[in-house]
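Beneath this line is the structure, given in structure tokens, with notes to follow.
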Amino acid sequence: MGRDSSGMVAYHLLSPRQAGPEETSVRHLLLWAARNRWLKDRLPRMRFVRRAVRRFMPGETLADALGAAVPLQAAGIRTLYTHLGENLANLAEADQVADHYIAAIDQIVAAGIDGEVSVKPTQLGLDHDADACLAHLVRIAEHAAAAGSYLWVDMEGSAYCEATVALYERLRAVQPKTGICLQAYLRRTAADIERLRPLDPAIRLVKGAYEEPSSIAYTSRRSIDANFLGLAVRFLLDGRGRPIRLGLGTHDVNLIEQVADQVEAAGIGKDGFEVEMLYGIREDQQYRLAAAGYQVQALISYGEHWYPWYMRRLAERPANLFFALRQLLP
Ligand SMILES: Cc1cc2nc3c(=O)[nH]c(=O)nc-3n(C[C@H](O)[C@H](O)[C@H](O)COP(=O)(O)OP(=O)(O)OC[C@H]3O[C@@H](n4cnc5c(N)ncnc54)[C@H](O)[C@@H]3O)c2cc1C
């Protein structure tokens with residue numbers, strides 16, 4: 001496998017629409033640090049950095065991730081797993097990634113955890129060969145379905161959007177227990193949902209975190225949130241009585257509650273869709289929403305190549321940097 005880790009993590013970037021000028025400078029510094037090889041070789045060895053990363057990642061192994069799932073599951077919070085990866089140097093490396101996820105599904109089941117896996121198409125070779133990538137997705141999806149689980153396909157930058165939607169169409173035709181992530185900031189997403197509707201798709205709707213130009217994306221927070229709300233509500237209302245699945249992949253509790261309010265009158269309750277958040281972010285809200293009757297899922301990342309992913313997590317919300325620096329104190 002390659003040494004760098006970017007494909008799996010880029011969606012943790014904060015887009016400038018959410019940051020003031022000072023935050024933007026700190027964000028650029030953190031993103032520079034994420035790419036800096038000298039720091040990448042040294043910082044992960046420092047104890048305070050290793051302690052700080054624990055806030056967002058329970059550990060480097062799947063066993064660590066499964067351990068963290070136990071208290072969540074006891075509170076009715078299901079889990080999703082992503083192995084932090086590296087850019088593929090060649091297609092053969094995708095075999096190892098697929099093998100890893102197959103084994104992970106078995107370990108999740110063996111641990112008695114109600115969990116699903118979420119993968120990035122570029123980790124399975126989309127850059128090299130779309131048919132080979134599909135073959136890997138089908139293999140993982142069939143293994144997941146046989147284990148009573150599900151496979152989610154992440155959405156990367158807009159350059160991959162058309163290829164990923166097309167992959168999902170082919171995947172879903174073969175294995176229905178599969179879902180795709182779509183990004184509310186992309187103008188094309190409404191059309192993509194209509195295109196997928198005949199498949200009764202499972203969709204994880206997120207705001208989207210890559211930096212995209214205004215020619216193809218909504219760029220103000222207000223317009224992204226409005227599109228998110230409209231897409232979610234319409235998808236749920238149009239899908240009434242159909243075997244669709246919708247995950248709201250956001251920490252924006254206000255938005256989640258607005259979706260719930262707007263579909264309630266149509267007889268869709270809080271258990272009519274899912275709420276998906278990242279491990280360690282707004283945990284209090286994850287527990288609160290689960291106790292209030294929402295179907296909550298936490299996405300847990302694990303793997304050795306966490307340094308760039310963690311720096312980007314800090315960049316997403318520079319206030320988290322203070323937490324990291326506090327770990328320097330005895
Ligand atoms: C389960 C899951 C899967 C995802 N998959 C993808 C994907 O495949 N493709 C993709 O493009 N994007 C994906 N994303 C990322 C998503 O697009 C957003 O970039 C990310 O969720 C941050 O935006 P938000 O919706 O939480 O809203 P925001 O408006 O950014 O945040 C809402 C509130 O949440 C809190 N918050 C957000 N981030 C942090 C943080 N790092 N630390 C502390 N508090 C925070 C803050 O209080 C903030 O006010 C995924 C997100 C989740 C939760």
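Naming scheme: A, B, ... for chains in displayed order of the structure tokens; residues 1 onward per chain; ligands 1 onward as shown.
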
**Report entry** All residues 10 Å or closer to Pro243 (chain A), only C-alpha atoms, same chain fewer than 5 positions away omitted, as a PyMOL selection string
**Finding:** chain A and resi 199-202

Report task. Write down as an MDAnalysis selection string the residues belonging to region 67-286 of chain A that are assigned strand (DSSP E or B) by DSSP computed on the backbone. Result -> chainID A and resid 78:83 115:119 151:153 178:183 186 202:206 217 245:249 274:278

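Around Ala260 (chain A), within 7 Å and counting only C-alpha atoms, the residues found are Ile256, Glu264 and Lys270 of chain A, once anything fewer than 4 positions away on its own chain is removed.
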
Write a file of the just-selected residues containing all heavy atoms, as a PDB file, in the first residue's frame.
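So the final result, stored in again-v6.pdb, reads:
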ATOM      1  N   ILE A 256     -31.450  18.198  11.448  1.00  0.00           N
ATOM      2  CA  ILE A 256     -32.053  16.872  11.650  1.00  0.00           C
ATOM      3  C   ILE A 256     -33.469  17.039  12.206  1.00  0.00           C
ATOM      4  O   ILE A 256     -34.423  16.405  11.742  1.00  0.00           O
ATOM      5  CB  ILE A 256     -31.185  16.034  12.632  1.00  0.00           C
ATOM      6  CG1 ILE A 256     -29.835  15.691  11.987  1.00  0.00           C
ATOM      7  CG2 ILE A 256     -31.931  14.773  13.078  1.00  0.00           C
ATOM      8  CD1 ILE A 256     -28.771  15.217  12.968  1.00  0.00           C
ATOM      9  N   GLU A 264     -43.171  14.617   9.822  1.00  0.00           N
ATOM     10  CA  GLU A 264     -44.024  14.038  10.861  1.00  0.00           C
ATOM     11  C   GLU A 264     -45.499  14.022  10.449  1.00  0.00           C
ATOM     12  O   GLU A 264     -46.195  13.020  10.632  1.00  0.00           O
ATOM     13  CB  GLU A 264     -43.846  14.832  12.160  1.00  0.00           C
ATOM     14  CG  GLU A 264     -44.427  14.120  13.362  1.00  0.00           C
ATOM     15  CD  GLU A 264     -44.307  14.980  14.626  1.00  0.00           C
ATOM     16  OE1 GLU A 264     -43.929  16.166  14.517  1.00  0.00           O
ATOM     17  OE2 GLU A 264     -44.629  14.436  15.700  1.00  0.00           O
ATOM     18  N   LYS A 270     -39.592   9.495  13.814  1.00  0.00           N
ATOM     19  CA  LYS A 270     -38.144   9.657  13.959  1.00  0.00           C
ATOM     20  C   LYS A 270     -37.388   8.393  13.579  1.00  0.00           C
ATOM     21  O   LYS A 270     -36.171   8.420  13.367  1.00  0.00           O
ATOM     22  CB  LYS A 270     -37.818  10.006  15.414  1.00  0.00           C
ATOM     23  CG  LYS A 270     -38.295  11.379  15.817  1.00  0.00           C
ATOM     24  CD  LYS A 270     -38.161  11.513  17.321  1.00  0.00           C
ATOM     25  CE  LYS A 270     -38.752  12.818  17.787  1.00  0.00           C
ATOM     26  NZ  LYS A 270     -39.123  12.760  19.214  1.00  0.00           N
TER      27      LYS A 270
END

Protein and nucleic residues near ligand 1, 7 Å, only C-alpha atoms and all ligand atoms, as a short mmCIF file (atom, residue, chain, number, x, y, z; two decimals) with N, CA and C atoms, in the first residue's frame:
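Written file, selection_26.cif:
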data_model
loop_
_atom_site.label_atom_id
_atom_site.label_comp_id
_atom_site.auth_asym_id
_atom_site.auth_seq_id
_atom_site.Cartn_x
_atom_site.Cartn_y
_atom_site.Cartn_z
N TYR A 11 -13.02 14.23 3.12
CA TYR A 11 -14.29 14.86 3.44
C TYR A 11 -14.30 15.48 4.82
N HIS A 12 -13.21 15.31 5.56
CA HIS A 12 -13.16 15.97 6.86
C HIS A 12 -12.69 17.42 6.74
N LEU A 13 -12.36 17.84 5.52
CA LEU A 13 -11.95 19.23 5.34
C LEU A 13 -13.11 20.17 5.58
N LEU A 14 -12.79 21.28 6.19
CA LEU A 14 -13.80 22.32 6.35
C LEU A 14 -13.76 23.21 5.13
N ASP A 154 -18.95 5.60 -0.08
CA ASP A 154 -18.71 7.03 0.19
C ASP A 154 -18.69 7.82 -1.11
N MET A 155 -18.87 9.13 -1.01
CA MET A 155 -18.74 10.01 -2.17
C MET A 155 -17.51 10.89 -1.98
N GLU A 156 -16.66 10.91 -3.00
CA GLU A 156 -15.43 11.71 -2.92
C GLU A 156 -15.64 13.02 -3.68
N GLY A 157 -14.57 13.62 -4.18
CA GLY A 157 -14.68 14.91 -4.87
C GLY A 157 -15.53 14.79 -6.14
N CYS A 181 -23.47 7.53 -0.68
CA CYS A 181 -23.47 8.88 -0.11
C CYS A 181 -23.66 9.90 -1.22
N GLN A 183 -24.07 14.30 -1.88
CA GLN A 183 -23.69 15.55 -1.21
C GLN A 183 -24.68 16.67 -1.54
N VAL A 206 -25.16 13.94 2.92
CA VAL A 206 -24.24 14.78 3.71
C VAL A 206 -24.19 16.16 3.07
N LYS A 207 -23.65 17.12 3.80
CA LYS A 207 -23.51 18.45 3.19
C LYS A 207 -22.42 18.41 2.12
N GLY A 208 -21.37 17.64 2.37
CA GLY A 208 -20.26 17.56 1.42
C GLY A 208 -19.12 18.42 1.91
N ALA A 209 -17.89 17.95 1.75
CA ALA A 209 -16.78 18.67 2.36
C ALA A 209 -15.60 18.95 1.46
N TYR A 210 -15.70 18.63 0.20
CA TYR A 210 -14.60 18.99 -0.70
C TYR A 210 -14.81 20.44 -1.14
N GLY A 249 -26.33 12.25 7.27
CA GLY A 249 -24.93 12.24 7.74
C GLY A 249 -24.50 13.64 8.11
N THR A 250 -24.90 14.09 9.28
CA THR A 250 -24.58 15.46 9.70
C THR A 250 -24.60 15.56 11.22
N HIS A 251 -23.81 16.53 11.73
CA HIS A 251 -23.85 16.83 13.17
C HIS A 251 -24.75 18.02 13.44
N ASP A 252 -25.41 18.47 12.40
CA ASP A 252 -26.27 19.66 12.50
C ASP A 252 -27.64 19.23 13.04
N GLU A 276 -26.61 9.88 11.11
CA GLU A 276 -25.24 9.33 11.13
C GLU A 276 -24.26 10.43 11.51
N MET A 277 -23.47 10.17 12.53
CA MET A 277 -22.45 11.14 12.96
C MET A 277 -21.11 10.43 13.09
N LEU A 278 -20.04 11.22 13.17
CA LEU A 278 -18.71 10.65 13.31
C LEU A 278 -18.41 10.39 14.79
N ILE A 281 -17.65 13.12 17.77
CA ILE A 281 -18.19 14.46 17.51
C ILE A 281 -19.64 14.52 17.97
N ARG A 282 -19.92 15.50 18.80
CA ARG A 282 -21.26 15.71 19.36
C ARG A 282 -21.83 14.42 19.96
N ALA A 298 -23.03 5.72 14.48
CA ALA A 298 -21.77 6.47 14.59
C ALA A 298 -20.74 5.83 13.67
N LEU A 299 -20.06 6.66 12.88
CA LEU A 299 -19.03 6.13 11.98
C LEU A 299 -17.69 6.16 12.71
N ARG A 313 -9.09 16.68 10.46
CA ARG A 313 -10.17 16.77 11.43
C ARG A 313 -10.01 18.05 12.26
N LEU A 314 -8.76 18.36 12.62
CA LEU A 314 -8.51 19.61 13.35
C LEU A 314 -8.84 20.80 12.46
N GLU A 316 -10.99 20.97 10.23
CA GLU A 316 -12.44 21.07 10.09
C GLU A 316 -13.01 21.99 11.16
N ARG A 317 -12.39 21.96 12.31
CA ARG A 317 -12.86 22.79 13.41
C ARG A 317 -11.65 23.18 14.26
N ASN A 320 -10.71 22.62 17.91
CA ASN A 320 -10.25 21.33 18.44
C ASN A 320 -8.75 21.32 18.70
#

With only C-alpha atoms as the counted atoms, please give the residues lying no more than 12 Å from region 184-187 of chain A, apart from itself and same-chain residues fewer than 2 positions off, as a PDB file with N, CA and C atoms, in the first residue's frame.
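New file out-v3.pdb:
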ATOM      1  N   SER A  15     -14.886  23.486   4.542  1.00  0.00           N
ATOM      2  CA  SER A  15     -14.841  24.379   3.399  1.00  0.00           C
ATOM      3  C   SER A  15     -14.841  25.815   3.913  1.00  0.00           C
ATOM      4  N   ARG A  17     -16.548  28.266   3.427  1.00  0.00           N
ATOM      5  CA  ARG A  17     -17.831  28.907   3.683  1.00  0.00           C
ATOM      6  C   ARG A  17     -18.140  28.955   5.170  1.00  0.00           C
ATOM      7  N   MET A 155     -18.874   9.128  -1.009  1.00  0.00           N
ATOM      8  CA  MET A 155     -18.737  10.012  -2.175  1.00  0.00           C
ATOM      9  C   MET A 155     -17.505  10.887  -1.980  1.00  0.00           C
ATOM     10  N   GLU A 156     -16.663  10.906  -2.996  1.00  0.00           N
ATOM     11  CA  GLU A 156     -15.434  11.709  -2.916  1.00  0.00           C
ATOM     12  C   GLU A 156     -15.638  13.021  -3.676  1.00  0.00           C
ATOM     13  N   GLY A 157     -14.568  13.624  -4.175  1.00  0.00           N
ATOM     14  CA  GLY A 157     -14.683  14.911  -4.869  1.00  0.00           C
ATOM     15  C   GLY A 157     -15.529  14.793  -6.137  1.00  0.00           C
ATOM     16  N   SER A 158     -15.950  15.947  -6.662  1.00  0.00           N
ATOM     17  CA  SER A 158     -16.914  15.938  -7.769  1.00  0.00           C
ATOM     18  C   SER A 158     -16.388  15.230  -9.022  1.00  0.00           C
ATOM     19  N   ALA A 159     -15.076  15.144  -9.163  1.00  0.00           N
ATOM     20  CA  ALA A 159     -14.517  14.457 -10.337  1.00  0.00           C
ATOM     21  C   ALA A 159     -14.939  12.988 -10.347  1.00  0.00           C
ATOM     22  N   CYS A 161     -17.939  11.931  -8.996  1.00  0.00           N
ATOM     23  CA  CYS A 161     -19.369  11.796  -8.701  1.00  0.00           C
ATOM     24  C   CYS A 161     -20.099  10.955  -9.756  1.00  0.00           C
ATOM     25  N   GLU A 162     -19.948  11.311 -11.029  1.00  0.00           N
ATOM     26  CA  GLU A 162     -20.659  10.570 -12.065  1.00  0.00           C
ATOM     27  C   GLU A 162     -20.257   9.086 -12.042  1.00  0.00           C
ATOM     28  N   CYS A 181     -23.472   7.534  -0.685  1.00  0.00           N
ATOM     29  CA  CYS A 181     -23.468   8.876  -0.107  1.00  0.00           C
ATOM     30  C   CYS A 181     -23.661   9.904  -1.224  1.00  0.00           C
ATOM     31  N   LEU A 182     -24.554  10.850  -1.021  1.00  0.00           N
ATOM     32  CA  LEU A 182     -24.729  11.974  -1.952  1.00  0.00           C
ATOM     33  C   LEU A 182     -24.554  13.268  -1.179  1.00  0.00           C
ATOM     34  N   THR A 189     -27.249  16.891  -7.320  1.00  0.00           N
ATOM     35  CA  THR A 189     -27.726  15.818  -6.443  1.00  0.00           C
ATOM     36  C   THR A 189     -29.231  15.565  -6.568  1.00  0.00           C
ATOM     37  N   ALA A 190     -30.023  16.633  -6.765  1.00  0.00           N
ATOM     38  CA  ALA A 190     -31.475  16.424  -6.925  1.00  0.00           C
ATOM     39  C   ALA A 190     -31.731  15.502  -8.117  1.00  0.00           C
ATOM     40  N   ALA A 191     -31.001  15.734  -9.217  1.00  0.00           N
ATOM     41  CA  ALA A 191     -31.179  14.891 -10.406  1.00  0.00           C
ATOM     42  C   ALA A 191     -30.653  13.478 -10.154  1.00  0.00           C
ATOM     43  N   ASP A 192     -29.580  13.365  -9.387  1.00  0.00           N
ATOM     44  CA  ASP A 192     -29.053  12.027  -9.084  1.00  0.00           C
ATOM     45  C   ASP A 192     -30.068  11.222  -8.271  1.00  0.00           C
ATOM     46  N   ILE A 193     -30.749  11.894  -7.341  1.00  0.00           N
ATOM     47  CA  ILE A 193     -31.749  11.179  -6.537  1.00  0.00           C
ATOM     48  C   ILE A 193     -32.879  10.692  -7.447  1.00  0.00           C
ATOM     49  N   ILE A 203     -29.715   6.039   0.687  1.00  0.00           N
ATOM     50  CA  ILE A 203     -28.879   7.228   0.503  1.00  0.00           C
ATOM     51  C   ILE A 203     -28.426   7.772   1.852  1.00  0.00           C
ATOM     52  N   ARG A 204     -27.126   8.059   1.935  1.00  0.00           N
ATOM     53  CA  ARG A 204     -26.622   8.855   3.066  1.00  0.00           C
ATOM     54  C   ARG A 204     -26.448  10.265   2.514  1.00  0.00           C
ATOM     55  N   LEU A 205     -27.235  11.184   3.024  1.00  0.00           N
ATOM     56  CA  LEU A 205     -27.134  12.563   2.559  1.00  0.00           C
ATOM     57  C   LEU A 205     -26.201  13.326   3.494  1.00  0.00           C
ATOM     58  N   VAL A 206     -25.161  13.944   2.922  1.00  0.00           N
ATOM     59  CA  VAL A 206     -24.243  14.777   3.711  1.00  0.00           C
ATOM     60  C   VAL A 206     -24.193  16.160   3.071  1.00  0.00           C
ATOM     61  N   LYS A 207     -23.645  17.117   3.802  1.00  0.00           N
ATOM     62  CA  LYS A 207     -23.509  18.448   3.189  1.00  0.00           C
ATOM     63  C   LYS A 207     -22.420  18.409   2.123  1.00  0.00           C
ATOM     64  N   GLY A 208     -21.373  17.636   2.366  1.00  0.00           N
ATOM     65  CA  GLY A 208     -20.256  17.561   1.422  1.00  0.00           C
ATOM     66  C   GLY A 208     -19.119  18.421   1.908  1.00  0.00           C
ATOM     67  N   ALA A 209     -17.891  17.952   1.748  1.00  0.00           N
ATOM     68  CA  ALA A 209     -16.781  18.672   2.362  1.00  0.00           C
ATOM     69  C   ALA A 209     -15.600  18.946   1.456  1.00  0.00           C
ATOM     70  N   TYR A 210     -15.702  18.634   0.200  1.00  0.00           N
ATOM     71  CA  TYR A 210     -14.602  18.990  -0.704  1.00  0.00           C
ATOM     72  C   TYR A 210     -14.805  20.438  -1.137  1.00  0.00           C
ATOM     73  N   GLU A 211     -13.755  21.057  -1.646  1.00  0.00           N
ATOM     74  CA  GLU A 211     -13.909  22.425  -2.118  1.00  0.00           C
ATOM     75  C   GLU A 211     -14.349  22.363  -3.568  1.00  0.00           C
ATOM     76  N   GLU A 212     -15.572  22.779  -3.832  1.00  0.00           N
ATOM     77  CA  GLU A 212     -16.130  22.682  -5.185  1.00  0.00           C
ATOM     78  C   GLU A 212     -16.499  24.085  -5.677  1.00  0.00           C
ATOM     79  N   PRO A 213     -16.372  24.343  -6.977  1.00  0.00           N
ATOM     80  CA  PRO A 213     -16.681  25.682  -7.502  1.00  0.00           C
ATOM     81  C   PRO A 213     -18.187  25.948  -7.555  1.00  0.00           C
ATOM     82  N   SER A 214     -18.543  27.235  -7.545  1.00  0.00           N
ATOM     83  CA  SER A 214     -19.970  27.593  -7.509  1.00  0.00           C
ATOM     84  C   SER A 214     -20.693  27.199  -8.805  1.00  0.00           C
ATOM     85  N   SER A 215     -19.943  26.910  -9.869  1.00  0.00           N
ATOM     86  CA  SER A 215     -20.595  26.472 -11.107  1.00  0.00           C
ATOM     87  C   SER A 215     -21.292  25.124 -10.912  1.00  0.00           C
ATOM     88  N   ILE A 216     -20.811  24.318  -9.974  1.00  0.00           N
ATOM     89  CA  ILE A 216     -21.432  23.000  -9.777  1.00  0.00           C
ATOM     90  C   ILE A 216     -21.966  22.806  -8.358  1.00  0.00           C
ATOM     91  N   ALA A 217     -21.644  23.756  -7.473  1.00  0.00           N
ATOM     92  CA  ALA A 217     -22.029  23.532  -6.070  1.00  0.00           C
ATOM     93  C   ALA A 217     -22.613  24.788  -5.435  1.00  0.00           C
ATOM     94  N   TYR A 218     -23.526  24.568  -4.492  1.00  0.00           N
ATOM     95  CA  TYR A 218     -23.952  25.672  -3.632  1.00  0.00           C
ATOM     96  C   TYR A 218     -22.785  25.943  -2.692  1.00  0.00           C
ATOM     97  N   THR A 219     -22.495  27.220  -2.446  1.00  0.00           N
ATOM     98  CA  THR A 219     -21.317  27.503  -1.630  1.00  0.00           C
ATOM     99  C   THR A 219     -21.634  28.227  -0.323  1.00  0.00           C
ATOM    100  N   SER A 220     -22.845  28.780  -0.206  1.00  0.00           N
ATOM    101  CA  SER A 220     -23.145  29.425   1.082  1.00  0.00           C
ATOM    102  C   SER A 220     -23.784  28.390   2.011  1.00  0.00           C
ATOM    103  N   ARG A 221     -23.503  28.586   3.268  1.00  0.00           N
ATOM    104  CA  ARG A 221     -24.030  27.651   4.261  1.00  0.00           C
ATOM    105  C   ARG A 221     -25.564  27.567   4.172  1.00  0.00           C
ATOM    106  N   ARG A 222     -26.181  28.746   4.015  1.00  0.00           N
ATOM    107  CA  ARG A 222     -27.642  28.805   3.975  1.00  0.00           C
ATOM    108  C   ARG A 222     -28.208  27.982   2.799  1.00  0.00           C
ATOM    109  N   SER A 223     -27.597  28.119   1.614  1.00  0.00           N
ATOM    110  CA  SER A 223     -28.146  27.403   0.455  1.00  0.00           C
ATOM    111  C   SER A 223     -27.877  25.899   0.551  1.00  0.00           C
ATOM    112  N   ILE A 224     -26.750  25.542   1.138  1.00  0.00           N
ATOM    113  CA  ILE A 224     -26.462  24.101   1.303  1.00  0.00           C
ATOM    114  C   ILE A 224     -27.464  23.490   2.282  1.00  0.00           C
ATOM    115  N   ASP A 225     -27.671  24.186   3.400  1.00  0.00           N
ATOM    116  CA  ASP A 225     -28.617  23.667   4.397  1.00  0.00           C
ATOM    117  C   ASP A 225     -30.022  23.566   3.813  1.00  0.00           C
ATOM    118  N   ALA A 226     -30.419  24.597   3.035  1.00  0.00           N
ATOM    119  CA  ALA A 226     -31.765  24.574   2.444  1.00  0.00           C
ATOM    120  C   ALA A 226     -31.905  23.411   1.468  1.00  0.00           C
ATOM    121  N   ASN A 227     -30.847  23.172   0.679  1.00  0.00           N
ATOM    122  CA  ASN A 227     -30.914  22.064  -0.274  1.00  0.00           C
ATOM    123  C   ASN A 227     -30.959  20.729   0.466  1.00  0.00           C
ATOM    124  N   PHE A 228     -30.159  20.623   1.530  1.00  0.00           N
ATOM    125  CA  PHE A 228     -30.147  19.397   2.339  1.00  0.00           C
ATOM    126  C   PHE A 228     -31.559  19.106   2.852  1.00  0.00           C
ATOM    127  N   LEU A 229     -32.167  20.128   3.435  1.00  0.00           N
ATOM    128  CA  LEU A 229     -33.506  19.955   4.012  1.00  0.00           C
ATOM    129  C   LEU A 229     -34.508  19.539   2.929  1.00  0.00           C
ATOM    130  N   GLY A 230     -34.499  20.267   1.805  1.00  0.00           N
ATOM    131  CA  GLY A 230     -35.447  19.978   0.732  1.00  0.00           C
ATOM    132  C   GLY A 230     -35.267  18.583   0.167  1.00  0.00           C
ATOM    133  N   LEU A 231     -34.013  18.190  -0.052  1.00  0.00           N
ATOM    134  CA  LEU A 231     -33.746  16.864  -0.632  1.00  0.00           C
ATOM    135  C   LEU A 231     -34.181  15.752   0.323  1.00  0.00           C
ATOM    136  N   ALA A 232     -33.856  15.936   1.600  1.00  0.00           N
ATOM    137  CA  ALA A 232     -34.190  14.893   2.581  1.00  0.00           C
ATOM    138  C   ALA A 232     -35.695  14.730   2.707  1.00  0.00           C
ATOM    139  N   LEU A 248     -29.148  10.685   7.478  1.00  0.00           N
ATOM    140  CA  LEU A 248     -28.750  12.096   7.501  1.00  0.00           C
ATOM    141  C   LEU A 248     -27.353  12.139   8.115  1.00  0.00           C
ATOM    142  N   GLY A 249     -26.326  12.253   7.266  1.00  0.00           N
ATOM    143  CA  GLY A 249     -24.933  12.238   7.738  1.00  0.00           C
ATOM    144  C   GLY A 249     -24.496  13.638   8.105  1.00  0.00           C
ATOM    145  N   THR A 250     -24.900  14.087   9.278  1.00  0.00           N
ATOM    146  CA  THR A 250     -24.582  15.461   9.697  1.00  0.00           C
ATOM    147  C   THR A 250     -24.598  15.559  11.216  1.00  0.00           C
TER     148      THR A 250
END

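Between CA of Ala34 (chain A) and CA of Trp309 (chain A) the separation is 7.7 Å.
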
Query raised in the report: Would you give me, as a VMD selection string, the residues in region 111-202 of chain A that DSSP reads as alpha helix (DSSP H)?
Result: chain A and resid 130 to 146 161 to 174 189 to 196

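Counting from CA of Gln73 (chain A), the distance to CA of Gln285 (chain A) is 15.0 Å.
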
Requested in this report: Return the single residue from A:Trp306, A:Tyr160, A:Tyr101, A:Phe235 that is closest to Pro121 (chain A), with distances computed using only C-alpha atoms.
Outcome: A:Tyr160

Query raised in the report: What is the CA of Asp106 (chain A)-CA of Ser301 (chain A) distance in Å, reported with one decimal?
Result: 17.1 Å
